[in-house]
$ cat run.cif   # mmCIF, N, CA and C atoms
data_structure
#
loop_
_atom_site.group_PDB
_atom_site.id
_atom_site.type_symbol
_atom_site.label_atom_id
_atom_site.label_comp_id
_atom_site.auth_asym_id
_atom_site.auth_seq_id
_atom_site.Cartn_x
_atom_site.Cartn_y
_atom_site.Cartn_z
ATOM 1 N N MET A 1 16.784 45.923 36.381
ATOM 2 C CA MET A 1 16.262 45.116 35.295
ATOM 3 C C MET A 1 16.418 45.879 33.995
ATOM 4 N N VAL A 2 16.694 45.148 32.949
ATOM 5 C CA VAL A 2 16.880 45.734 31.633
ATOM 6 C C VAL A 2 15.894 45.083 30.668
ATOM 7 N N PRO A 3 14.831 45.808 30.244
ATOM 8 C CA PRO A 3 13.867 45.195 29.325
ATOM 9 C C PRO A 3 14.311 45.306 27.870
ATOM 10 N N GLU A 4 13.958 44.295 27.077
ATOM 11 C CA GLU A 4 14.148 44.325 25.631
ATOM 12 C C GLU A 4 12.798 44.019 25.009
ATOM 13 N N TYR A 5 12.357 44.874 24.088
ATOM 14 C CA TYR A 5 11.058 44.669 23.459
ATOM 15 C C TYR A 5 11.042 45.338 22.102
ATOM 16 N N SER A 6 10.128 44.911 21.268
ATOM 17 C CA SER A 6 9.972 45.469 19.933
ATOM 18 C C SER A 6 9.055 46.694 20.001
ATOM 19 N N THR A 7 9.316 47.671 19.168
ATOM 20 C CA THR A 7 8.443 48.849 19.109
ATOM 21 C C THR A 7 7.421 48.725 17.975
ATOM 22 N N ASP A 8 7.407 47.557 17.292
ATOM 23 C CA ASP A 8 6.441 47.338 16.220
ATOM 24 C C ASP A 8 5.038 47.203 16.814
ATOM 25 N N PRO A 9 4.023 47.732 16.128
ATOM 26 C CA PRO A 9 2.648 47.594 16.621
ATOM 27 C C PRO A 9 2.223 46.122 16.657
ATOM 28 N N VAL A 10 1.370 45.783 17.621
ATOM 29 C CA VAL A 10 0.834 44.428 17.753
ATOM 30 C C VAL A 10 -0.664 44.507 17.460
ATOM 31 N N ALA A 11 -1.105 43.787 16.438
ATOM 32 C CA ALA A 11 -2.517 43.804 16.046
ATOM 33 C C ALA A 11 -3.356 43.071 17.086
ATOM 34 N N PRO A 12 -4.641 43.429 17.209
ATOM 35 C CA PRO A 12 -5.525 42.721 18.137
ATOM 36 C C PRO A 12 -5.520 41.219 17.845
ATOM 37 N N GLY A 13 -5.379 40.428 18.881
ATOM 38 C CA GLY A 13 -5.342 38.981 18.741
ATOM 39 C C GLY A 13 -3.945 38.424 18.519
ATOM 40 N N ASP A 14 -2.999 39.265 18.132
ATOM 41 C CA ASP A 14 -1.609 38.827 17.961
ATOM 42 C C ASP A 14 -0.894 38.874 19.306
ATOM 43 N N SER A 15 0.340 38.430 19.314
ATOM 44 C CA SER A 15 1.115 38.465 20.549
ATOM 45 C C SER A 15 2.503 39.025 20.268
ATOM 46 N N ALA A 16 3.173 39.357 21.313
ATOM 47 C CA ALA A 16 4.537 39.873 21.229
ATOM 48 C C ALA A 16 5.312 39.310 22.412
ATOM 49 N N THR A 17 6.611 39.372 22.320
ATOM 50 C CA THR A 17 7.446 38.904 23.426
ATOM 51 C C THR A 17 8.337 40.033 23.908
ATOM 52 N N PHE A 18 8.762 39.907 25.149
ATOM 53 C CA PHE A 18 9.730 40.837 25.702
ATOM 54 C C PHE A 18 10.665 40.061 26.601
ATOM 55 N N LYS A 19 11.822 40.613 26.834
ATOM 56 C CA LYS A 19 12.837 39.945 27.644
ATOM 57 C C LYS A 19 13.258 40.890 28.760
ATOM 58 N N VAL A 20 13.324 40.355 29.970
ATOM 59 C CA VAL A 20 13.756 41.128 31.123
ATOM 60 C C VAL A 20 14.873 40.346 31.815
ATOM 61 N N VAL A 21 15.981 41.011 32.092
ATOM 62 C CA VAL A 21 17.094 40.390 32.800
ATOM 63 C C VAL A 21 17.171 41.021 34.186
ATOM 64 N N PHE A 22 17.148 40.175 35.197
ATOM 65 C CA PHE A 22 17.179 40.633 36.582
ATOM 66 C C PHE A 22 18.495 40.191 37.201
ATOM 67 N N HIS A 23 19.259 41.134 37.718
ATOM 68 C CA HIS A 23 20.523 40.851 38.386
ATOM 69 C C HIS A 23 20.320 41.038 39.888
ATOM 70 N N PRO A 24 20.080 39.944 40.604
ATOM 71 C CA PRO A 24 19.798 40.059 42.038
ATOM 72 C C PRO A 24 21.029 40.509 42.814
ATOM 73 N N PRO A 25 20.830 41.293 43.847
ATOM 74 C CA PRO A 25 21.953 41.801 44.636
ATOM 75 C C PRO A 25 22.538 40.780 45.608
ATOM 76 N N HIS A 26 21.842 39.668 45.837
ATOM 77 C CA HIS A 26 22.314 38.677 46.806
ATOM 78 C C HIS A 26 21.695 37.321 46.502
ATOM 79 N N THR A 27 22.193 36.280 47.137
ATOM 80 C CA THR A 27 21.601 34.959 46.981
ATOM 81 C C THR A 27 20.372 34.848 47.876
ATOM 82 N N GLY A 28 19.528 33.874 47.564
ATOM 83 C CA GLY A 28 18.321 33.665 48.348
ATOM 84 C C GLY A 28 17.072 33.909 47.531
ATOM 85 N N PRO A 29 15.909 33.810 48.167
ATOM 86 C CA PRO A 29 14.647 33.969 47.447
ATOM 87 C C PRO A 29 14.406 35.416 47.017
ATOM 88 N N PHE A 30 13.672 35.555 45.908
ATOM 89 C CA PHE A 30 13.294 36.896 45.451
ATOM 90 C C PHE A 30 11.899 36.851 44.847
ATOM 91 N N ASN A 31 11.234 37.991 44.823
ATOM 92 C CA ASN A 31 9.916 38.182 44.228
ATOM 93 C C ASN A 31 9.955 39.557 43.571
ATOM 94 N N GLN A 32 10.101 39.594 42.248
ATOM 95 C CA GLN A 32 10.284 40.858 41.528
ATOM 96 C C GLN A 32 9.058 41.141 40.672
ATOM 97 N N MET A 33 8.561 42.379 40.710
ATOM 98 C CA MET A 33 7.406 42.768 39.918
ATOM 99 C C MET A 33 7.850 43.497 38.654
ATOM 100 N N ILE A 34 7.192 43.174 37.531
ATOM 101 C CA ILE A 34 7.411 43.866 36.261
ATOM 102 C C ILE A 34 6.078 44.493 35.889
ATOM 103 N N THR A 35 6.082 45.763 35.509
ATOM 104 C CA THR A 35 4.865 46.450 35.095
ATOM 105 C C THR A 35 4.920 46.666 33.584
ATOM 106 N N VAL A 36 3.879 46.208 32.874
ATOM 107 C CA VAL A 36 3.789 46.356 31.426
ATOM 108 C C VAL A 36 2.666 47.346 31.138
ATOM 109 N N PHE A 37 2.984 48.389 30.363
ATOM 110 C CA PHE A 37 2.000 49.409 29.980
ATOM 111 C C PHE A 37 1.642 49.216 28.507
ATOM 112 N N SER A 38 0.348 49.303 28.186
ATOM 113 C CA SER A 38 -0.092 49.169 26.797
ATOM 114 C C SER A 38 -1.352 49.994 26.582
ATOM 115 N N ASN A 39 -1.836 49.980 25.348
ATOM 116 C CA ASN A 39 -3.117 50.637 25.068
ATOM 117 C C ASN A 39 -4.198 49.575 24.845
ATOM 118 N N GLY A 40 -4.002 48.388 25.423
ATOM 119 C CA GLY A 40 -4.950 47.278 25.289
ATOM 120 C C GLY A 40 -6.100 47.394 26.267
ATOM 121 N N VAL A 41 -6.881 46.314 26.356
ATOM 122 C CA VAL A 41 -8.030 46.261 27.257
ATOM 123 C C VAL A 41 -7.579 46.470 28.695
ATOM 124 N N LYS A 42 -6.471 45.835 29.065
ATOM 125 C CA LYS A 42 -5.857 46.055 30.381
ATOM 126 C C LYS A 42 -4.606 46.910 30.144
ATOM 127 N N PRO A 43 -4.706 48.220 30.324
ATOM 128 C CA PRO A 43 -3.563 49.091 30.002
ATOM 129 C C PRO A 43 -2.349 48.906 30.913
ATOM 130 N N VAL A 44 -2.560 48.385 32.121
ATOM 131 C CA VAL A 44 -1.439 48.137 33.034
ATOM 132 C C VAL A 44 -1.529 46.681 33.485
ATOM 133 N N LEU A 45 -0.441 45.947 33.279
ATOM 134 C CA LEU A 45 -0.380 44.539 33.662
ATOM 135 C C LEU A 45 0.848 44.335 34.534
ATOM 136 N N ARG A 46 0.660 43.706 35.679
ATOM 137 C CA ARG A 46 1.785 43.426 36.575
ATOM 138 C C ARG A 46 2.097 41.936 36.524
ATOM 139 N N ILE A 47 3.363 41.641 36.267
ATOM 140 C CA ILE A 47 3.849 40.267 36.192
ATOM 141 C C ILE A 47 4.855 40.081 37.312
ATOM 142 N N TYR A 48 4.754 38.969 38.017
ATOM 143 C CA TYR A 48 5.678 38.702 39.123
ATOM 144 C C TYR A 48 6.597 37.545 38.770
ATOM 145 N N ILE A 49 7.875 37.730 39.040
ATOM 146 C CA ILE A 49 8.872 36.679 38.857
ATOM 147 C C ILE A 49 9.340 36.269 40.248
ATOM 148 N N LYS A 50 9.196 34.978 40.546
ATOM 149 C CA LYS A 50 9.634 34.470 41.840
ATOM 150 C C LYS A 50 10.704 33.423 41.597
ATOM 151 N N GLY A 51 11.690 33.380 42.465
ATOM 152 C CA GLY A 51 12.731 32.383 42.314
ATOM 153 C C GLY A 51 13.651 32.353 43.511
ATOM 154 N N ASN A 52 14.711 31.579 43.374
ATOM 155 C CA ASN A 52 15.698 31.458 44.428
ATOM 156 C C ASN A 52 17.074 31.497 43.768
ATOM 157 N N VAL A 53 17.898 32.442 44.168
ATOM 158 C CA VAL A 53 19.232 32.599 43.611
ATOM 159 C C VAL A 53 20.201 31.774 44.455
ATOM 160 N N THR A 54 20.956 30.908 43.776
ATOM 161 C CA THR A 54 21.957 30.097 44.465
ATOM 162 C C THR A 54 23.340 30.514 43.998
ATOM 163 N N GLU A 55 24.325 30.142 44.756
ATOM 164 C CA GLU A 55 25.705 30.467 44.420
ATOM 165 C C GLU A 55 26.103 29.703 43.154
ATOM 166 N N ALA A 56 26.815 30.368 42.247
ATOM 167 C CA ALA A 56 27.245 29.743 41.006
ATOM 168 C C ALA A 56 28.240 28.619 41.280
ATOM 169 N N GLU A 57 28.237 27.596 40.437
ATOM 170 C CA GLU A 57 29.141 26.455 40.599
ATOM 171 C C GLU A 57 30.607 26.892 40.581
ATOM 172 N N GLU A 58 30.951 27.878 39.752
ATOM 173 C CA GLU A 58 32.338 28.354 39.670
ATOM 174 C C GLU A 58 32.802 28.890 41.014
ATOM 175 N N LYS A 59 31.970 29.646 41.672
ATOM 176 C CA LYS A 59 32.335 30.220 42.960
ATOM 177 C C LYS A 59 32.463 29.126 44.022
ATOM 178 N N LYS A 60 31.583 28.108 43.958
ATOM 179 C CA LYS A 60 31.633 27.028 44.937
ATOM 180 C C LYS A 60 32.961 26.274 44.838
ATOM 181 N N SER A 61 33.433 26.004 43.603
ATOM 182 C CA SER A 61 34.663 25.247 43.444
ATOM 183 C C SER A 61 35.890 26.087 43.830
ATOM 184 N N ASP A 62 35.826 27.404 43.741
ATOM 185 C CA ASP A 62 36.940 28.277 44.129
ATOM 186 C C ASP A 62 37.145 28.282 45.629
ATOM 187 N N ASN A 63 36.093 28.008 46.411
ATOM 188 C CA ASN A 63 36.180 28.097 47.861
ATOM 189 C C ASN A 63 36.708 26.813 48.515
ATOM 190 N N LYS A 64 37.083 25.818 47.753
ATOM 191 C CA LYS A 64 37.554 24.543 48.339
ATOM 192 C C LYS A 64 38.913 24.671 48.959
#

$ encode --input "run.cif" --output "structure tokens"
Amino acid sequence: MVPEYSTDPVAPGDSATFKVVFHPPHTGPFNQMITVFSNGVKPVLRIYIKGNVTEAEEKKSDNK
């Protein structure tokens, strides 16, 4: 996974965004955990991404 985030301070009550790109090693279901560290009320936050990876349409049409 490759995270992208701003290093600018976030004031109390404000929000920020981050981007994580996950490149799964195979098709099928996945459950990936992301750990976010901060100096907030909850210094460690775990976020789970669940999904199902399917074969890309380009690959499906090549196999005909």

$ residues_around --input "run.cif" --residues "region 16-27 of chain A" --least-positions-apart "5" --cutoff "6.5 Å" --atoms "all atoms listed in the file" --output "ChimeraX atom specification"
/A:1-6,52-55

$ write_last_selection --input "run.cif" --atoms "N, CA and C atoms" --output "mmCIF file, in the coordinates of the input"
data_model
loop_
_atom_site.group_PDB
_atom_site.id
_atom_site.type_symbol
_atom_site.label_atom_id
_atom_site.label_comp_id
_atom_site.auth_asym_id
_atom_site.auth_seq_id
_atom_site.Cartn_x
_atom_site.Cartn_y
_atom_site.Cartn_z
ATOM 1 N N MET A 1 16.784 45.923 36.381
ATOM 2 C CA MET A 1 16.262 45.116 35.295
ATOM 3 C C MET A 1 16.418 45.879 33.995
ATOM 4 N N VAL A 2 16.694 45.148 32.949
ATOM 5 C CA VAL A 2 16.880 45.734 31.633
ATOM 6 C C VAL A 2 15.894 45.083 30.668
ATOM 7 N N PRO A 3 14.831 45.808 30.244
ATOM 8 C CA PRO A 3 13.867 45.195 29.325
ATOM 9 C C PRO A 3 14.311 45.306 27.870
ATOM 10 N N GLU A 4 13.958 44.295 27.077
ATOM 11 C CA GLU A 4 14.148 44.325 25.631
ATOM 12 C C GLU A 4 12.798 44.019 25.009
ATOM 13 N N TYR A 5 12.357 44.874 24.088
ATOM 14 C CA TYR A 5 11.058 44.669 23.459
ATOM 15 C C TYR A 5 11.042 45.338 22.102
ATOM 16 N N SER A 6 10.128 44.911 21.268
ATOM 17 C CA SER A 6 9.972 45.469 19.933
ATOM 18 C C SER A 6 9.055 46.694 20.001
ATOM 19 N N ASN A 52 14.711 31.579 43.374
ATOM 20 C CA ASN A 52 15.698 31.458 44.428
ATOM 21 C C ASN A 52 17.074 31.497 43.768
ATOM 22 N N VAL A 53 17.898 32.442 44.168
ATOM 23 C CA VAL A 53 19.232 32.599 43.611
ATOM 24 C C VAL A 53 20.201 31.774 44.455
ATOM 25 N N THR A 54 20.956 30.908 43.776
ATOM 26 C CA THR A 54 21.957 30.097 44.465
ATOM 27 C C THR A 54 23.340 30.514 43.998
ATOM 28 N N GLU A 55 24.325 30.142 44.756
ATOM 29 C CA GLU A 55 25.705 30.467 44.420
ATOM 30 C C GLU A 55 26.103 29.703 43.154
#

$ atom_distance --input "run.cif" --atom1 "atom C of Arg46 (chain A)" --atom2 "atom C of Gln32 (chain A)"
8.1 Å

$ atom_distance --input "run.cif" --atom1 "atom N of Lys42 (chain A)" --atom2 "CA of Ser15 (chain A)"
13.6 Å

$ select_by_dssp --input "run.cif" --residues "chain A" --states "helix (DSSP H, G or I)" --output "VMD selection string"
chain A and resid 57 to 62

$ atom_distance --input "run.cif" --atom1 "CA of Gly51 (chain A)" --atom2 "CA of Thr7 (chain A)"
28.8 Å

$ resolve_selection --input "run.cif" --expression "the PyMOL selection byres ((chain A and resi 31) around 6)" --output "PDB file with N, CA and C atoms, keeping the file's coordinate frame"
ATOM      1  N   PRO A  29      15.909  33.810  48.167  1.00  0.00           N
ATOM      2  CA  PRO A  29      14.647  33.969  47.447  1.00  0.00           C
ATOM      3  C   PRO A  29      14.406  35.416  47.017  1.00  0.00           C
ATOM      4  N   PHE A  30      13.672  35.555  45.908  1.00  0.00           N
ATOM      5  CA  PHE A  30      13.294  36.896  45.451  1.00  0.00           C
ATOM      6  C   PHE A  30      11.899  36.851  44.847  1.00  0.00           C
ATOM      7  N   GLN A  32      10.101  39.594  42.248  1.00  0.00           N
ATOM      8  CA  GLN A  32      10.284  40.858  41.528  1.00  0.00           C
ATOM      9  C   GLN A  32       9.058  41.141  40.672  1.00  0.00           C
ATOM     10  N   MET A  33       8.561  42.379  40.710  1.00  0.00           N
ATOM     11  CA  MET A  33       7.406  42.768  39.918  1.00  0.00           C
ATOM     12  C   MET A  33       7.850  43.497  38.654  1.00  0.00           C
ATOM     13  N   ILE A  49       7.875  37.730  39.040  1.00  0.00           N
ATOM     14  CA  ILE A  49       8.872  36.679  38.857  1.00  0.00           C
ATOM     15  C   ILE A  49       9.340  36.269  40.248  1.00  0.00           C
ATOM     16  N   LYS A  50       9.196  34.978  40.546  1.00  0.00           N
ATOM     17  CA  LYS A  50       9.634  34.470  41.840  1.00  0.00           C
ATOM     18  C   LYS A  50      10.704  33.423  41.597  1.00  0.00           C
ATOM     19  N   GLY A  51      11.690  33.380  42.465  1.00  0.00           N
ATOM     20  CA  GLY A  51      12.731  32.383  42.314  1.00  0.00           C
ATOM     21  C   GLY A  51      13.651  32.353  43.511  1.00  0.00           C
TER      22      GLY A  51
END

$ residues_around --input "run.cif" --residues "Thr35 (chain A)" --least-positions-apart "5" --cutoff "6.5 Å" --atoms "all atoms listed in the file" --output "NGL selection string"
:A and (44-47)

$ select_by_dssp --input "run.cif" --residues "chain A" --states "strand (DSSP E)" --output "PyMOL selection string"
chain A and resi 2-5+18-21+28-37+44-53

$ build_atoms --input "run.cif" --residues "region 19-30 of chain A" --atoms "all heavy atoms" --output "tab-separated table (two decimals), in the frame of the given file"
chain	number	residue	atom	x	y	z
A	19	LYS	N	11.82	40.61	26.83
A	19	LYS	CA	12.84	39.94	27.64
A	19	LYS	C	13.26	40.89	28.76
A	19	LYS	O	13.51	42.07	28.52
A	19	LYS	CB	14.04	39.59	26.78
A	19	LYS	CG	15.18	38.95	27.53
A	19	LYS	CD	16.35	38.68	26.58
A	19	LYS	CE	17.53	38.12	27.32
A	19	LYS	NZ	18.67	37.88	26.40
A	20	VAL	N	13.32	40.35	29.97
A	20	VAL	CA	13.76	41.13	31.12
A	20	VAL	C	14.87	40.35	31.82
A	20	VAL	O	14.73	39.16	32.06
A	20	VAL	CB	12.60	41.36	32.12
A	20	VAL	CG1	13.07	42.13	33.33
A	20	VAL	CG2	11.46	42.08	31.44
A	21	VAL	N	15.98	41.01	32.09
A	21	VAL	CA	17.09	40.39	32.80
A	21	VAL	C	17.17	41.02	34.19
A	21	VAL	O	17.22	42.24	34.32
A	21	VAL	CB	18.42	40.60	32.04
A	21	VAL	CG1	19.58	40.00	32.83
A	21	VAL	CG2	18.34	39.99	30.66
A	22	PHE	N	17.15	40.17	35.20
A	22	PHE	CA	17.18	40.63	36.58
A	22	PHE	C	18.50	40.19	37.20
A	22	PHE	O	18.84	39.02	37.17
A	22	PHE	CB	15.99	40.04	37.34
A	22	PHE	CG	16.00	40.30	38.82
A	22	PHE	CD1	15.98	41.59	39.31
A	22	PHE	CD2	16.03	39.26	39.72
A	22	PHE	CE1	15.98	41.84	40.67
A	22	PHE	CE2	16.02	39.49	41.08
A	22	PHE	CZ	16.00	40.79	41.55
A	23	HIS	N	19.26	41.13	37.72
A	23	HIS	CA	20.52	40.85	38.39
A	23	HIS	C	20.32	41.04	39.89
A	23	HIS	O	20.37	42.16	40.39
A	23	HIS	CB	21.63	41.80	37.89
A	23	HIS	CG	21.90	41.65	36.43
A	23	HIS	ND1	22.60	40.60	35.91
A	23	HIS	CD2	21.55	42.42	35.38
A	23	HIS	CE1	22.68	40.72	34.61
A	23	HIS	NE2	22.04	41.82	34.26
A	24	PRO	N	20.08	39.94	40.60
A	24	PRO	CA	19.80	40.06	42.04
A	24	PRO	C	21.03	40.51	42.81
A	24	PRO	O	22.15	40.16	42.46
A	24	PRO	CB	19.40	38.64	42.43
A	24	PRO	CG	20.03	37.77	41.41
A	24	PRO	CD	20.07	38.56	40.15
A	25	PRO	N	20.83	41.29	43.85
A	25	PRO	CA	21.95	41.80	44.64
A	25	PRO	C	22.54	40.78	45.61
A	25	PRO	O	23.61	41.00	46.15
A	25	PRO	CB	21.35	42.98	45.40
A	25	PRO	CG	19.90	42.64	45.52
A	25	PRO	CD	19.56	41.87	44.27
A	26	HIS	N	21.84	39.67	45.84
A	26	HIS	CA	22.31	38.68	46.81
A	26	HIS	C	21.70	37.32	46.50
A	26	HIS	O	20.76	37.21	45.70
A	26	HIS	CB	21.95	39.09	48.24
A	26	HIS	CG	20.50	39.44	48.38
A	26	HIS	ND1	19.52	38.49	48.45
A	26	HIS	CD2	19.87	40.64	48.43
A	26	HIS	CE1	18.33	39.08	48.56
A	26	HIS	NE2	18.52	40.39	48.54
A	27	THR	N	22.19	36.28	47.14
A	27	THR	CA	21.60	34.96	46.98
A	27	THR	C	20.37	34.85	47.88
A	27	THR	O	20.19	35.63	48.80
A	27	THR	CB	22.61	33.85	47.35
A	27	THR	OG1	23.03	34.06	48.70
A	27	THR	CG2	23.80	33.86	46.43
A	28	GLY	N	19.53	33.87	47.56
A	28	GLY	CA	18.32	33.66	48.35
A	28	GLY	C	17.07	33.91	47.53
A	28	GLY	O	17.13	34.18	46.33
A	29	PRO	N	15.91	33.81	48.17
A	29	PRO	CA	14.65	33.97	47.45
A	29	PRO	C	14.41	35.42	47.02
A	29	PRO	O	14.89	36.35	47.64
A	29	PRO	CB	13.60	33.52	48.47
A	29	PRO	CG	14.25	33.66	49.78
A	29	PRO	CD	15.72	33.48	49.57
A	30	PHE	N	13.67	35.56	45.91
A	30	PHE	CA	13.29	36.90	45.45
A	30	PHE	C	11.90	36.85	44.85
A	30	PHE	O	11.42	35.80	44.43
A	30	PHE	CB	14.31	37.45	44.44
A	30	PHE	CG	14.32	36.74	43.12
A	30	PHE	CD1	13.49	37.15	42.08
A	30	PHE	CD2	15.15	35.66	42.90
A	30	PHE	CE1	13.50	36.49	40.87
A	30	PHE	CE2	15.17	35.00	41.69
A	30	PHE	CZ	14.33	35.41	40.67
